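Here the structure is laid out as structure tokens; the discussion comes afterwards.
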Amino acid sequence: MIKFTNVSKTYGDNTHALRNLTLEIKDGEFVFIVGPNGAGKTTLTKLMLHEELPTSGKIEVNGYDVVNIKKRHIPHLRRTVGVVFQDFRLFEKMTVFDNIAFAMHVVGTPKRVIKKKVHTLLKLVELEGKGGSYPYMLSGGEQRRVALARALANNPDTIIADEPTSNSDKNSSEHLMRLLAKVQEHNKTVIVITHDLSAVKRLDKRVITLADGAVISDIPGGDNDEEN
């Protein structure tokens with residue numbers, strides 16, 4: 001579960017990124033978080049990963065008290081959250097296989113387990129046969145799917161996809177949205193942060209809208225055709 005309770009975040013230049021924000025995302029839920037630039041979406045993600053601390057309020061992520069967490073437990077918290085970054089952040093000189101395997105190598109996963117898991121993930125993201133390719137050999141949509149597979153490598157409880165359809169054509173966007181829905185079916189919490197309202201309308205999921213650091217609407221799945 002992810003829970004923000006009366007969370008505010010003010011940066012040193014007196015920018016109010018979040019204002020007394022309260023929201024809860026249950027385990028296994030699929031949620032879109034939408035809003036204009038400056039709404040607080042990026043800050044929300046950084047707070048979940050303990051990359052920033054709130055000015056006030058409480059934050060719980062997958063059983064961890066993010067505000068009061070001990071330093072030695074921060075890596076464990078972050079392993080429960082897989083992030084698909086907007087710019088992919090793939091290693092250009094590594095193959096697709098090695099990009100996905102990297103996170104597992106870091107935590108000491110045995111090679112035989114890594115090999116099996118990478119092949120399973122390539123199948124999940126529909127990139128079988130691409131393990132020996134390098135990122136430059138793939139389309140943007142394929143690179144994004146590699147990034148998704150890598151985010152899933154250490155079996156996180158939660159996946160955060162940051163603007164996953166940016167600079168994508170309609171077919172690639174629809175494909176990725178279907179894959180994210182498939183990921184949810186594997187008992188994952190999926191959070192998609194996006195400006196792309198057309199992507200939101202493709203899936204019948206909960207939509208949280210932020211503006212000026214606050215939740216201005218929270219529409220459950222089934223009502224996504226309402227005005228945000």
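Quick note on naming: the chains in the structure tokens go A, B, ... in the order shown, residues restart at 1 in each chain, and ligands are numbered from 1 in order of appearance.
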Next on the checklist: Report as number ranges by chain all protein, DNA and RNA residues lying within 8 Å of Val96 in chain A, evaluated on only C-alpha atoms, omitting residues in the same chain fewer than 6 positions from it.
Outcome noted: A: 130-135, 146
Per residue of range 52-130 of chain A within 12 Å of range 14-18 of chain A, note the shortest atom pair and the distance in Å to one decimal, counting only C-alpha atoms, and order the rows by chain and increasing residue number, as a tab-separated table.
```
residue	atom	partner	partner_atom	distance
A:Glu52	CA	A:Ala17	CA	11.5
A:Leu53	CA	A:Leu18	CA	11.5
A:Pro54	CA	A:Leu18	CA	8.7
A:Thr55	CA	A:Leu18	CA	9.2
A:Ser56	CA	A:Leu18	CA	9.9
A:Gly57	CA	A:Leu18	CA	10.5
```
Take the residues from that selection and put them in a file with C-alpha atoms, as a PDB file, in the first residue's frame.
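Contents of result.pdb, as written:
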```
ATOM      1  CA  GLU A  52      13.260  13.826  -1.199  1.00  0.00           C
ATOM      2  CA  LEU A  53      11.706  14.197   2.245  1.00  0.00           C
ATOM      3  CA  PRO A  54       8.432  16.004   2.900  1.00  0.00           C
ATOM      4  CA  THR A  55       8.299  19.259   4.790  1.00  0.00           C
ATOM      5  CA  SER A  56       5.482  17.738   6.815  1.00  0.00           C
ATOM      6  CA  GLY A  57       3.176  14.731   6.796  1.00  0.00           C
TER       7      GLY A  57
END
```
Checklist entry - Quick one: residues within 8 Å of Val31 in chain A, only C-alpha atoms counted, chain neighbours fewer than 4 positions away excluded, as a list in words? => result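 So, after excluding close chain neighbours, the residues are Ile25, Val190, Ile191, Val192, Lys205, Arg206, Val207 and Ile208 of chain A.
Taking range 79-182 of chain A and asking which residues DSSP calls strand (DSSP E or B) on the backbone, you get Val81, Gly82, Val83, Val84, Thr158, Ile159, Ile160, Ala161 and Asp162 of chain A.
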Item to check | One-decimal distance in Å that lies between CA of Lys3 in chain A and CA of Asp212 in chain A | outcome: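 Result for CA of Asp212 in chain A versus CA of Lys3 in chain A: 19.3 Å, one decimal.
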Within 8 Å of Gln184 in chain A using only C-alpha atoms, minus same-chain residues under 5 positions, as an mmCIF file with N, CA and C atoms, in the first residue's frame:
```cif
data_model
loop_
_atom_site.group_PDB
_atom_site.id
_atom_site.type_symbol
_atom_site.label_atom_id
_atom_site.label_comp_id
_atom_site.auth_asym_id
_atom_site.auth_seq_id
_atom_site.Cartn_x
_atom_site.Cartn_y
_atom_site.Cartn_z
ATOM 1 N N GLY A 28 -1.979 -3.848 -5.565
ATOM 2 C CA GLY A 28 -2.576 -4.432 -6.761
ATOM 3 C C GLY A 28 -3.430 -3.496 -7.575
ATOM 4 N N GLU A 29 -3.464 -2.227 -7.219
ATOM 5 C CA GLU A 29 -4.286 -1.251 -7.937
ATOM 6 C C GLU A 29 -3.512 -0.669 -9.117
ATOM 7 N N PHE A 30 -4.235 -0.252 -10.149
ATOM 8 C CA PHE A 30 -3.662 0.454 -11.300
ATOM 9 C C PHE A 30 -4.202 1.877 -11.258
ATOM 10 N N THR A 189 1.234 -3.375 -8.067
ATOM 11 C CA THR A 189 0.622 -2.052 -8.080
ATOM 12 C C THR A 189 1.267 -1.271 -9.219
ATOM 13 N N VAL A 190 0.452 -0.673 -10.071
ATOM 14 C CA VAL A 190 0.975 0.064 -11.224
ATOM 15 C C VAL A 190 0.530 1.524 -11.125
#
```
Next on the checklist: List as a PyMOL selection string the protein and nucleic acid residues near Ala149 in chain A, meaning an atom at most 12 Å away when only C-alpha atoms are counted, but skip any in the same chain fewer than 3 places from it.
Outcome noted: chain A and resi 82-84+88+90+96-104+117-128+131+142-146+152-156+159+161+176+179-180+183
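Put simply, CA of Arg202 in chain A is 28.5 Å away from CA of Gly129 in chain A.
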